[in-house]
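Coordinates as given in my_file.pdb (PDB, C-alpha atoms):
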ATOM      1  CA  MET O   1      13.194  17.497   7.875
ATOM      2  CA  VAL O   2      15.763  16.034  10.222
ATOM      3  CA  ILE O   3      14.183  13.551  12.630
ATOM      4  CA  LYS O   4      15.735  13.628  16.100
ATOM      5  CA  SER O   5      15.639  10.522  18.241
ATOM      6  CA  LYS O   6      13.461  12.195  20.870
ATOM      7  CA  GLU O   7      10.860  12.962  18.178
ATOM      8  CA  ILE O   8      10.283   9.243  17.585
ATOM      9  CA  ASN O   9       7.599   7.602  19.697
ATOM     10  CA  LYS O  10       9.368   5.908  22.604
ATOM     11  CA  GLU O  11       7.438   2.648  22.075
ATOM     12  CA  ILE O  12       9.092   2.116  18.683
ATOM     13  CA  ARG O  13      12.277   4.170  19.122
ATOM     14  CA  PRO O  14      14.766   1.345  19.897
ATOM     15  CA  VAL O  15      13.924  -0.671  16.770
ATOM     16  CA  GLY O  16      13.811   2.499  14.707
ATOM     17  CA  GLU O  17      17.261   3.659  15.738
ATOM     18  CA  ILE O  18      18.759   0.247  14.964
ATOM     19  CA  LEU O  19      17.149   0.267  11.525
ATOM     20  CA  ARG O  20      18.286   3.823  10.880
ATOM     21  CA  ALA O  21      21.865   2.814  11.656
ATOM     22  CA  VAL O  22      22.039  -0.314   9.495
ATOM     23  CA  SER O  23      19.604   0.126   6.592
ATOM     24  CA  PRO O  24      21.196   0.164   3.099
ATOM     25  CA  LEU O  25      17.971   1.182   1.327
ATOM     26  CA  ASP O  26      19.271   4.677   0.608
ATOM     27  CA  LYS O  27      21.579   3.276  -2.094
ATOM     28  CA  LYS O  28      20.224   2.752  -5.601
ATOM     29  CA  TRP O  29      22.594  -0.105  -6.372
ATOM     30  CA  PHE O  30      21.307  -1.963  -3.321
ATOM     31  CA  GLN O  31      17.654  -1.537  -4.301
ATOM     32  CA  LEU O  32      18.402  -2.879  -7.785
ATOM     33  CA  PHE O  33      20.492  -5.744  -6.413
ATOM     34  CA  ALA O  34      17.955  -6.680  -3.734
ATOM     35  CA  SER O  35      14.896  -6.435  -5.979
ATOM     36  CA  PRO O  36      14.812 -10.042  -7.313
ATOM     37  CA  LEU O  37      16.206 -11.440  -4.060
ATOM     38  CA  SER O  38      13.475  -9.836  -1.959
ATOM     39  CA  GLY O  39      10.757 -11.538  -3.956
ATOM     40  CA  ALA O  40      12.461 -14.908  -3.797
ATOM     41  CA  VAL O  41      13.035 -14.717  -0.034
ATOM     42  CA  LEU O  42       9.622 -13.328   0.885
ATOM     43  CA  SER O  43       7.803 -15.876  -1.258
ATOM     44  CA  CYS O  44       9.039 -18.519   1.207
ATOM     45  CA  LEU O  45       7.142 -17.040   4.154
ATOM     46  CA  LYS O  46       4.861 -19.558   5.864
ATOM     47  CA  LEU O  47       1.234 -18.491   5.532
ATOM     48  CA  LYS O  48      -0.719 -21.591   6.541
ATOM     49  CA  LYS O  49      -2.313 -19.826   9.501
ATOM     50  CA  LEU O  50      -3.735 -17.228   7.104
ATOM     51  CA  ASN O  51      -5.341 -19.827   4.831
ATOM     52  CA  CYS O  52      -3.345 -18.829   1.734
ATOM     53  CA  GLU O  53      -3.708 -20.414  -1.687
ATOM     54  CA  LYS O  54      -1.389 -19.469  -4.544
ATOM     55  CA  MET O  55      -2.777 -19.158  -8.072
ATOM     56  CA  PHE O  56      -1.862 -17.642 -11.426
ATOM     57  CA  ILE O  57      -3.512 -15.104 -13.737
ATOM     58  CA  THR O  58      -2.557 -14.882 -17.397
ATOM     59  CA  ARG O  59      -1.391 -11.514 -18.697
ATOM     60  CA  LYS O  60      -2.128 -10.296 -22.236
ATOM     61  CA  ASP O  61       1.360 -11.346 -23.364
ATOM     62  CA  GLY O  62       0.731 -14.885 -22.090
ATOM     63  CA  SER O  63       2.995 -14.636 -19.050
ATOM     64  CA  ALA O  64       1.758 -15.701 -15.622
ATOM     65  CA  LEU O  65       1.046 -13.318 -12.751
ATOM     66  CA  ARG O  66       1.248 -15.107  -9.399
ATOM     67  CA  ILE O  67      -1.339 -14.187  -6.787
ATOM     68  CA  CYS O  68      -1.889 -15.107  -3.153
ATOM     69  CA  VAL O  69      -5.527 -15.643  -2.152
ATOM     70  CA  PHE O  70      -6.274 -15.392   1.571
ATOM     71  CA  LYS O  71      -9.670 -16.321   2.999
ATOM     72  CA  SER O  72     -10.718 -15.233   6.457
ATOM     73  CA  ALA O  73     -12.519 -17.519   8.853
ATOM     74  CA  ASP O  74     -16.299 -17.422   8.757
ATOM     75  CA  CYS O  75     -17.115 -14.306  10.767
ATOM     76  CA  GLY O  76     -20.869 -14.631  10.323
ATOM     77  CA  LYS O  77     -20.849 -11.793   7.807
ATOM     78  CA  LYS O  78     -20.752 -11.527   4.048
ATOM     79  CA  ARG O  79     -17.179 -11.677   2.765
ATOM     80  CA  ALA O  80     -15.740  -8.587   1.117
ATOM     81  CA  GLY O  81     -13.255  -8.780  -1.750
ATOM     82  CA  ILE O  82      -9.981  -6.976  -1.077
ATOM     83  CA  LEU O  83      -7.160  -6.347  -3.540
ATOM     84  CA  TRP O  84      -3.988  -5.822  -1.507
ATOM     85  CA  LEU O  85      -0.790  -4.378  -2.996
ATOM     86  CA  HIS O  86       2.464  -4.866  -1.098
ATOM     87  CA  GLY O  87       4.987  -2.187  -0.270
ATOM     88  CA  GLY O  88       8.674  -1.922  -1.084
ATOM     89  CA  GLY O  89       9.116   1.291  -3.055
ATOM     90  CA  TYR O  90       7.837  -0.476  -6.213
ATOM     91  CA  VAL O  91      11.273  -2.102  -6.441
ATOM     92  CA  LEU O  92      11.141  -4.605  -3.569
ATOM     93  CA  GLY O  93       8.674  -6.995  -1.997
ATOM     94  CA  ALA O  94       6.238  -9.834  -2.656
ATOM     95  CA  PRO O  95       2.548 -10.592  -1.977
ATOM     96  CA  GLU O  96       3.444 -12.831   0.957
ATOM     97  CA  MET O  97       4.139  -9.597   2.862
ATOM     98  CA  ALA O  98       0.392  -9.469   3.483
ATOM     99  CA  GLY O  99       1.046 -11.711   6.469
ATOM    100  CA  MET O 100       3.375  -9.067   7.947
ATOM    101  CA  SER O 101       1.182  -6.009   7.389
ATOM    102  CA  PHE O 102      -2.265  -4.646   8.192
ATOM    103  CA  ALA O 103      -3.590  -7.024   5.534
ATOM    104  CA  GLY O 104      -3.021  -9.857   8.011
ATOM    105  CA  GLU O 105      -5.185  -8.031  10.523
ATOM    106  CA  LEU O 106      -7.978  -7.810   7.959
ATOM    107  CA  ILE O 107      -7.691 -11.528   7.212
ATOM    108  CA  ARG O 108      -7.849 -12.382  10.914
ATOM    109  CA  ARG O 109     -10.530  -9.937  12.022
ATOM    110  CA  ALA O 110     -12.743  -9.104   9.040
ATOM    111  CA  ALA O 111     -14.899 -11.258   6.788
ATOM    112  CA  CYS O 112     -12.959 -11.085   3.543
ATOM    113  CA  VAL O 113     -11.197 -12.712   0.638
ATOM    114  CA  LEU O 114      -7.921 -10.864   0.190
ATOM    115  CA  VAL O 115      -6.033 -11.200  -3.096
ATOM    116  CA  ALA O 116      -2.405 -10.023  -3.265
ATOM    117  CA  PRO O 117      -0.636 -10.056  -6.653
ATOM    118  CA  ASP O 118       3.080 -10.470  -7.274
ATOM    119  CA  TYR O 119       3.050  -7.365  -9.460
ATOM    120  CA  VAL O 120       6.122  -6.782 -11.588
ATOM    121  CA  LEU O 121       8.814  -4.837  -9.740
ATOM    122  CA  SER O 122      10.254  -1.671 -11.222
ATOM    123  CA  ALA O 123      13.804  -3.036 -11.494
ATOM    124  CA  LYS O 124      12.416  -5.465 -14.073
ATOM    125  CA  LYS O 125       9.751  -3.249 -15.641
ATOM    126  CA  PRO O 126       9.228   0.408 -14.654
ATOM    127  CA  TYR O 127       5.874   2.202 -14.720
ATOM    128  CA  PRO O 128       3.271   1.250 -15.930
ATOM    129  CA  GLY O 129       4.100  -2.411 -15.265
ATOM    130  CA  ALA O 130       2.876  -2.495 -11.659
ATOM    131  CA  LEU O 131      -0.311  -0.582 -12.512
ATOM    132  CA  GLU O 132      -1.118  -2.943 -15.375
ATOM    133  CA  ASP O 133      -0.767  -5.963 -13.094
ATOM    134  CA  ALA O 134      -2.877  -4.292 -10.404
ATOM    135  CA  TYR O 135      -5.689  -3.488 -12.848
ATOM    136  CA  LEU O 136      -5.556  -6.989 -14.323
ATOM    137  CA  THR O 137      -5.938  -8.439 -10.809
ATOM    138  CA  LEU O 138      -8.768  -6.037  -9.984
ATOM    139  CA  LYS O 139     -10.749  -7.133 -13.039
ATOM    140  CA  TRP O 140      -9.988 -10.806 -12.326
ATOM    141  CA  ILE O 141     -11.332 -10.496  -8.782
ATOM    142  CA  HIS O 142     -14.475  -8.794 -10.057
ATOM    143  CA  GLU O 143     -15.068 -11.441 -12.707
ATOM    144  CA  ASN O 144     -14.413 -14.337 -10.303
ATOM    145  CA  ARG O 145     -16.327 -13.185  -7.222
ATOM    146  CA  ALA O 146     -18.493 -16.313  -7.078
ATOM    147  CA  PHE O 147     -15.488 -18.613  -7.455
ATOM    148  CA  LEU O 148     -13.605 -16.740  -4.726
ATOM    149  CA  GLY O 149     -16.561 -16.629  -2.339
ATOM    150  CA  ILE O 150     -16.901 -12.841  -2.358
ATOM    151  CA  GLU O 151     -20.396 -11.772  -1.309
ATOM    152  CA  LYS O 152     -20.142  -8.002  -0.934
ATOM    153  CA  ARG O 153     -21.198  -6.053  -4.009
ATOM    154  CA  ARG O 154     -18.213  -3.698  -4.234
ATOM    155  CA  LEU O 155     -14.476  -4.243  -3.758
ATOM    156  CA  VAL O 156     -11.756  -2.774  -1.539
ATOM    157  CA  VAL O 157      -8.350  -1.706  -2.843
ATOM    158  CA  GLY O 158      -5.519  -1.249  -0.373
ATOM    159  CA  GLY O 159      -1.826  -1.533   0.306
ATOM    160  CA  GLU O 160       1.032  -0.159   2.362
ATOM    161  CA  SER O 161       3.759   2.271   1.279
ATOM    162  CA  ALA O 162       4.315   1.884  -2.476
ATOM    163  CA  GLY O 163       1.370  -0.515  -2.424
ATOM    164  CA  GLY O 164      -0.701   2.272  -0.895
ATOM    165  CA  GLY O 165       0.405   4.627  -3.639
ATOM    166  CA  LEU O 166      -0.419   1.982  -6.232
ATOM    167  CA  ALA O 167      -3.842   1.491  -4.615
ATOM    168  CA  ALA O 168      -4.575   5.224  -4.883
ATOM    169  CA  ALA O 169      -3.330   5.274  -8.482
ATOM    170  CA  LEU O 170      -5.486   2.263  -9.308
ATOM    171  CA  CYS O 171      -8.595   3.962  -7.917
ATOM    172  CA  ILE O 172      -7.956   6.977 -10.168
ATOM    173  CA  TYR O 173      -7.168   4.764 -13.156
ATOM    174  CA  ALA O 174     -10.235   2.548 -12.638
ATOM    175  CA  ARG O 175     -12.494   5.603 -12.328
ATOM    176  CA  ASP O 176     -11.145   7.015 -15.569
ATOM    177  CA  LYS O 177     -11.566   3.626 -17.286
ATOM    178  CA  GLY O 178     -15.200   3.466 -16.193
ATOM    179  CA  PHE O 179     -14.711   0.663 -13.650
ATOM    180  CA  ASN O 180     -16.918   1.793 -10.778
ATOM    181  CA  ASN O 181     -16.960  -1.272  -8.552
ATOM    182  CA  ILE O 182     -14.438  -0.053  -5.938
ATOM    183  CA  GLY O 183     -16.246   0.914  -2.754
ATOM    184  CA  MET O 184     -13.306   1.703  -0.472
ATOM    185  CA  GLN O 185      -9.572   2.401  -0.590
ATOM    186  CA  LEU O 186      -6.996   1.718   2.127
ATOM    187  CA  PRO O 187      -3.774   3.452   1.050
ATOM    188  CA  LEU O 188      -1.683   3.113   4.211
ATOM    189  CA  TYR O 189       1.186   5.621   4.572
ATOM    190  CA  PRO O 190       1.202   5.748   0.762
ATOM    191  CA  MET O 191       4.039   6.645  -1.624
ATOM    192  CA  LEU O 192       2.136   9.199  -3.696
ATOM    193  CA  ASP O 193       4.393  11.844  -5.207
ATOM    194  CA  ASP O 194       7.875  11.867  -6.737
ATOM    195  CA  ARG O 195       8.142  15.610  -6.110
ATOM    196  CA  PRO O 196       9.677  16.672  -2.779
ATOM    197  CA  SER O 197       7.293  17.779  -0.033
ATOM    198  CA  LYS O 198       7.844  19.451   3.311
ATOM    199  CA  THR O 199       8.377  16.062   4.956
ATOM    200  CA  SER O 200       9.962  14.055   2.138
ATOM    201  CA  ALA O 201      12.787  16.535   1.574
ATOM    202  CA  ALA O 202      15.921  16.044   3.734
ATOM    203  CA  ASN O 203      14.213  13.386   5.851
ATOM    204  CA  ASP O 204      16.539  10.986   7.684
ATOM    205  CA  ALA O 205      13.917   8.918   9.539
ATOM    206  CA  PRO O 206      14.300   5.150  10.079
ATOM    207  CA  VAL O 207      13.258   2.553   7.464
ATOM    208  CA  TRP O 208      12.571   4.964   4.588
ATOM    209  CA  ASN O 209      14.176   8.355   4.120
ATOM    210  CA  THR O 210      14.702  10.966   1.405
ATOM    211  CA  ALA O 211      17.619   9.147  -0.234
ATOM    212  CA  ALA O 212      15.759   5.801  -0.379
ATOM    213  CA  ASN O 213      12.667   7.532  -1.719
ATOM    214  CA  LYS O 214      14.600   9.319  -4.468
ATOM    215  CA  CYS O 215      16.266   6.083  -5.597
ATOM    216  CA  ALA O 216      12.974   4.206  -5.737
ATOM    217  CA  TRP O 217      11.189   6.897  -7.733
ATOM    218  CA  GLU O 218      14.104   7.093 -10.186
ATOM    219  CA  ILE O 219      13.856   3.348 -10.791
ATOM    220  CA  TYR O 220      10.054   3.408 -11.119
ATOM    221  CA  LEU O 221       9.759   6.463 -13.383
ATOM    222  CA  GLY O 222      13.064   6.303 -15.252
ATOM    223  CA  GLU O 223      13.837   9.396 -17.307
ATOM    224  CA  ASN O 224      10.434  10.892 -16.428
ATOM    225  CA  TYR O 225      11.341  11.292 -12.754
ATOM    226  CA  LEU O 226      10.349  14.808 -11.605
ATOM    227  CA  LYS O 227       9.239  15.745 -15.137
ATOM    228  CA  GLU O 228       5.997  17.648 -15.701
ATOM    229  CA  ASN O 229       4.521  14.831 -17.783
ATOM    230  CA  VAL O 230       4.390  12.254 -14.971
ATOM    231  CA  PRO O 231       0.736  11.077 -14.907
ATOM    232  CA  PRO O 232      -1.300  10.630 -11.718
ATOM    233  CA  TYR O 233      -1.533   6.914 -12.553
ATOM    234  CA  ALA O 234       2.191   6.815 -11.703
ATOM    235  CA  ALA O 235       2.229   9.422  -8.935
ATOM    236  CA  PRO O 236      -1.332   9.974  -7.662
ATOM    237  CA  GLY O 237      -0.237  12.997  -5.650
ATOM    238  CA  ARG O 238      -0.223  14.791  -9.008
ATOM    239  CA  GLU O 239      -3.963  14.229  -9.550
ATOM    240  CA  CYS O 240      -6.094  17.360  -9.932
ATOM    241  CA  ASN O 241      -9.558  15.762 -10.135
ATOM    242  CA  TYR O 242     -10.537  14.021  -6.888
ATOM    243  CA  SER O 243     -14.222  13.603  -7.690
ATOM    244  CA  ALA O 244     -15.953  10.208  -7.760
ATOM    245  CA  LEU O 245     -13.188   8.378  -5.902
ATOM    246  CA  PRO O 246     -13.919   5.735  -3.243
ATOM    247  CA  GLY O 247     -14.087   6.452   0.466
ATOM    248  CA  ALA O 248     -10.644   6.231   2.047
ATOM    249  CA  ILE O 249      -9.070   5.142   5.335
ATOM    250  CA  SER O 250      -5.402   5.368   6.281
ATOM    251  CA  PHE O 251      -2.853   6.020   8.983
ATOM    252  CA  VAL O 252       0.492   7.787   8.720
ATOM    253  CA  GLY O 253       3.264   8.788  11.117
ATOM    254  CA  THR O 254       4.437  12.350  11.678
ATOM    255  CA  ALA O 255       8.119  11.387  11.418
ATOM    256  CA  GLU O 256       8.017   9.768   8.023
ATOM    257  CA  PRO O 257       8.630  11.202   4.535
ATOM    258  CA  PHE O 258       5.083  10.544   3.289
ATOM    259  CA  PHE O 259       3.291  12.470   6.024
ATOM    260  CA  ALA O 260       2.740  15.692   4.036
ATOM    261  CA  GLU O 261       1.679  14.028   0.770
ATOM    262  CA  THR O 262      -0.672  11.655   2.578
ATOM    263  CA  ALA O 263      -2.290  14.538   4.458
ATOM    264  CA  ALA O 264      -2.667  16.469   1.188
ATOM    265  CA  TYR O 265      -4.230  13.485  -0.590
ATOM    266  CA  PHE O 266      -6.822  12.984   2.144
ATOM    267  CA  SER O 267      -7.552  16.703   2.327
ATOM    268  CA  ASN O 268      -8.182  16.751  -1.422
ATOM    269  CA  LEU O 269     -10.526  13.767  -1.156
ATOM    270  CA  GLN O 270     -12.490  15.500   1.597
ATOM    271  CA  LYS O 271     -12.711  18.745  -0.398
ATOM    272  CA  ALA O 272     -14.155  16.735  -3.281
ATOM    273  CA  GLY O 273     -16.890  15.389  -1.017
ATOM    274  CA  THR O 274     -15.410  11.945  -0.379
ATOM    275  CA  GLU O 275     -15.558  10.512   3.116
ATOM    276  CA  ALA O 276     -11.919  10.067   4.120
ATOM    277  CA  TYR O 277     -10.434   9.227   7.518
ATOM    278  CA  LEU O 278      -6.731   9.717   8.226
ATOM    279  CA  LEU O 279      -5.287   8.635  11.569
ATOM    280  CA  ILE O 280      -2.132  10.611  12.367
ATOM    281  CA  VAL O 281       0.290   8.665  14.565
ATOM    282  CA  LYS O 282       2.581  11.033  16.444
ATOM    283  CA  GLY O 283       6.266  10.144  16.345
ATOM    284  CA  ALA O 284       5.834   7.139  14.050
ATOM    285  CA  TYR O 285       8.249   6.417  11.228
ATOM    286  CA  HIS O 286       7.581   4.605   7.976
ATOM    287  CA  ALA O 287       6.126   1.075   8.247
ATOM    288  CA  PHE O 288       6.439   1.237  12.039
ATOM    289  CA  ASP O 289       3.648  -1.316  12.338
ATOM    290  CA  MET O 290       5.502  -3.905  10.274
ATOM    291  CA  MET O 291       8.780  -3.247  12.075
ATOM    292  CA  ASN O 292       7.094  -3.351  15.516
ATOM    293  CA  PRO O 293       4.166  -5.771  15.178
ATOM    294  CA  ARG O 294       3.884  -6.419  18.929
ATOM    295  CA  ALA O 295       4.148  -2.794  20.032
ATOM    296  CA  ALA O 296       1.174  -1.316  21.864
ATOM    297  CA  LEU O 297       1.267   1.580  19.384
ATOM    298  CA  THR O 298       0.725  -0.829  16.509
ATOM    299  CA  ARG O 299      -2.136  -2.605  18.283
ATOM    300  CA  ARG O 300      -3.885   0.686  19.095
ATOM    301  CA  THR O 301      -3.484   1.884  15.532
ATOM    302  CA  TYR O 302      -4.795  -1.341  14.037
ATOM    303  CA  ALA O 303      -7.790  -1.359  16.381
ATOM    304  CA  LYS O 304      -8.825   2.146  15.281
ATOM    305  CA  ILE O 305      -8.423   1.340  11.592
ATOM    306  CA  ILE O 306     -10.362  -1.936  11.904
ATOM    307  CA  GLU O 307     -13.166  -0.041  13.623
ATOM    308  CA  LYS O 308     -13.316   2.472  10.767
ATOM    309  CA  TYR O 309     -13.029  -0.301   8.182
ATOM    310  CA  ASN O 310     -16.086  -2.070   9.586
ATOM    311  CA  LYS O 311     -18.132   1.136   9.477
ATOM    312  CA  TYR O 312     -17.070   1.933   5.913
ATOM    313  CA  ALA O 313     -17.680  -1.663   4.810
ATOM    314  CA  GLU O 314     -21.266  -1.510   6.014
ATOM    315  CA  LYS O 315     -21.789   1.811   4.271
ATOM    316  CA  TYR O 316     -19.892   1.474   0.980
ATOM    317  CA  LEU O 317     -19.610  -2.224   0.075
TER     318      LEU O 317
END
What is this structure when it is put down as structure tokens?
Amino acid sequence: MVIKSKEINKEIRPVGEILRAVSPLDKKWFQLFASPLSGAVLSCLKLKKLNCEKMFITRKDGSALRICVFKSADCGKKRAGILWLHGGGYVLGAPEMAGMSFAGELIRRAACVLVAPDYVLSAKKPYPGALEDAYLTLKWIHENRAFLGIEKRRLVVGGESAGGGLAAALCIYARDKGFNNIGMQLPLYPMLDDRPSKTSAANDAPVWNTAANKCAWEIYLGENYLKENVPPYAAPGRECNYSALPGAISFVGTAEPFFAETAAYFSNLQKAGTEAYLLIVKGAYHAFDMMNPRAALTRRTYAKIIEKYNKYAEKYL
């Protein structure tokens, strides 16, 4: 799926073409090299305006999992608890990215306590490391709702890109483990399937393309990449049972690799009787909102998703 310049939305085209020309993410050695550096650099982001407090959770092996806890201003409504999982192909990123993504919009405009964990990156520990950290954080939020100031009965799980894929995987995993306290999922342009799709094969779009995607999945899944035994907890696009999953909201661009797998995931949720809303953004590439935070396209997209979020929150939380 070759993406021509004219197929990219003109509002985000200039930034996209620059990123397409200079991005080194399509090289596996770069992803591995940049993995620890990305966390170190991003952890220095200033988040005072988002009322962020950094804490630690203890893993079973005694090691510490760092989390960022964001509390919205008093919006006159009961606060919802949101677990937010950052993007970065499972190999890059840090929880401080919440300030750069749709999570920041939730913190500013919705009544919530948003918890973002520094889940272990795949260069250090492949699957199931990230999932284990996500589930540990989910249970910690549930058990500490009073301490955190969470007033809504059920939780939200969300994330962008790989974080969106991890959010979807966590919803499936939690359902199968008997944890039924997730009321909504927000897997934004999620990384769901290691197998090539119509839009993830031969895609040369800005920010994230076929080569970058292949490298990231190889690092995350190791020798199991593309094998039949990859579980849906690693690649939720492989799930066959979509029953009893939380209501879902997302947006995805038509130019990006994850368009087809995201559309398939939401279609499967709807067929299973789950209320699922997918906003399709014509001509948008991967993470266009984070790369173009001031673009009118980003603001329009965020406004629509916030509107849907508020409706779902009233209904499902």
- Given the PyMOL selection byres ((chain O and resi 116-120) around 7), the residues it picks as an MDAnalysis selection string: chainID O and resid 65:69 83:85 94:95 114:115 121:122 124:125 129:130 133:134 137
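As for CA of Leu148 in chain O and CA of Gly81 in chain O, they are spaced 8.5 Å apart.
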Residues picked by the PyMOL selection byres ((chain O and resi 112) around 8) here, as number ranges by chain?
O: 71-72, 78-82, 106-107, 110-111, 113-114, 150
Quick one: apply the PyMOL selection byres ((chain O and resi 188-197) around 6) to the file and drop the selected residues here as number ranges by chain. O: 160-162, 164-165, 186-187, 198-201, 226, 235-237, 250-252
Gly283 in chain O proximity check over O:Glu223, O:Glu96, O:Glu11, O:Glu228, using only C-alpha atoms: winner is O:Glu11
Item checked: Neighbour residues at most 9 Å from (13.2, 1.6, 7.1) (only C-alpha atoms) as a PyMOL selection string -> chain O and resi 16+19-20+23+25+205-209+212+285-288+291
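With CA of Ile249 in chain O on one side and CA of Lys308 in chain O on the other, the separation reads 7.4 Å.
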request  = Can you work out which one of O:Ala216, O:Gly178, O:Ala21, O:Ile172 has the shortest atom-to-atom distance to Cys240 in chain O, counting all atoms listed in the file?
outcome  =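 Under the stated criterion, the closest residue is O:Ile172.
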Using only C-alpha atoms, the best pick from O:Thr210, O:Asn292, O:Ser35, O:Thr262 as closest to Leu278 in chain O would be O:Thr262
So that I can check the surroundings of Ala248 in chain O, please list as a compact mmCIF listing (two decimals) with C-alpha atoms, keeping the file's coordinate frame every protein, DNA and RNA residue that reaches within 6 Å of it, counting only C-alpha atoms and ignoring chain neighbours fewer than 5 positions away.
# COMPACT_ATOMS: atom_id res chain seq x y z
CA MET O 184 -13.31 1.70 -0.47
CA GLN O 185 -9.57 2.40 -0.59
CA LEU O 186 -7.00 1.72 2.13
CA ALA O 276 -11.92 10.07 4.12
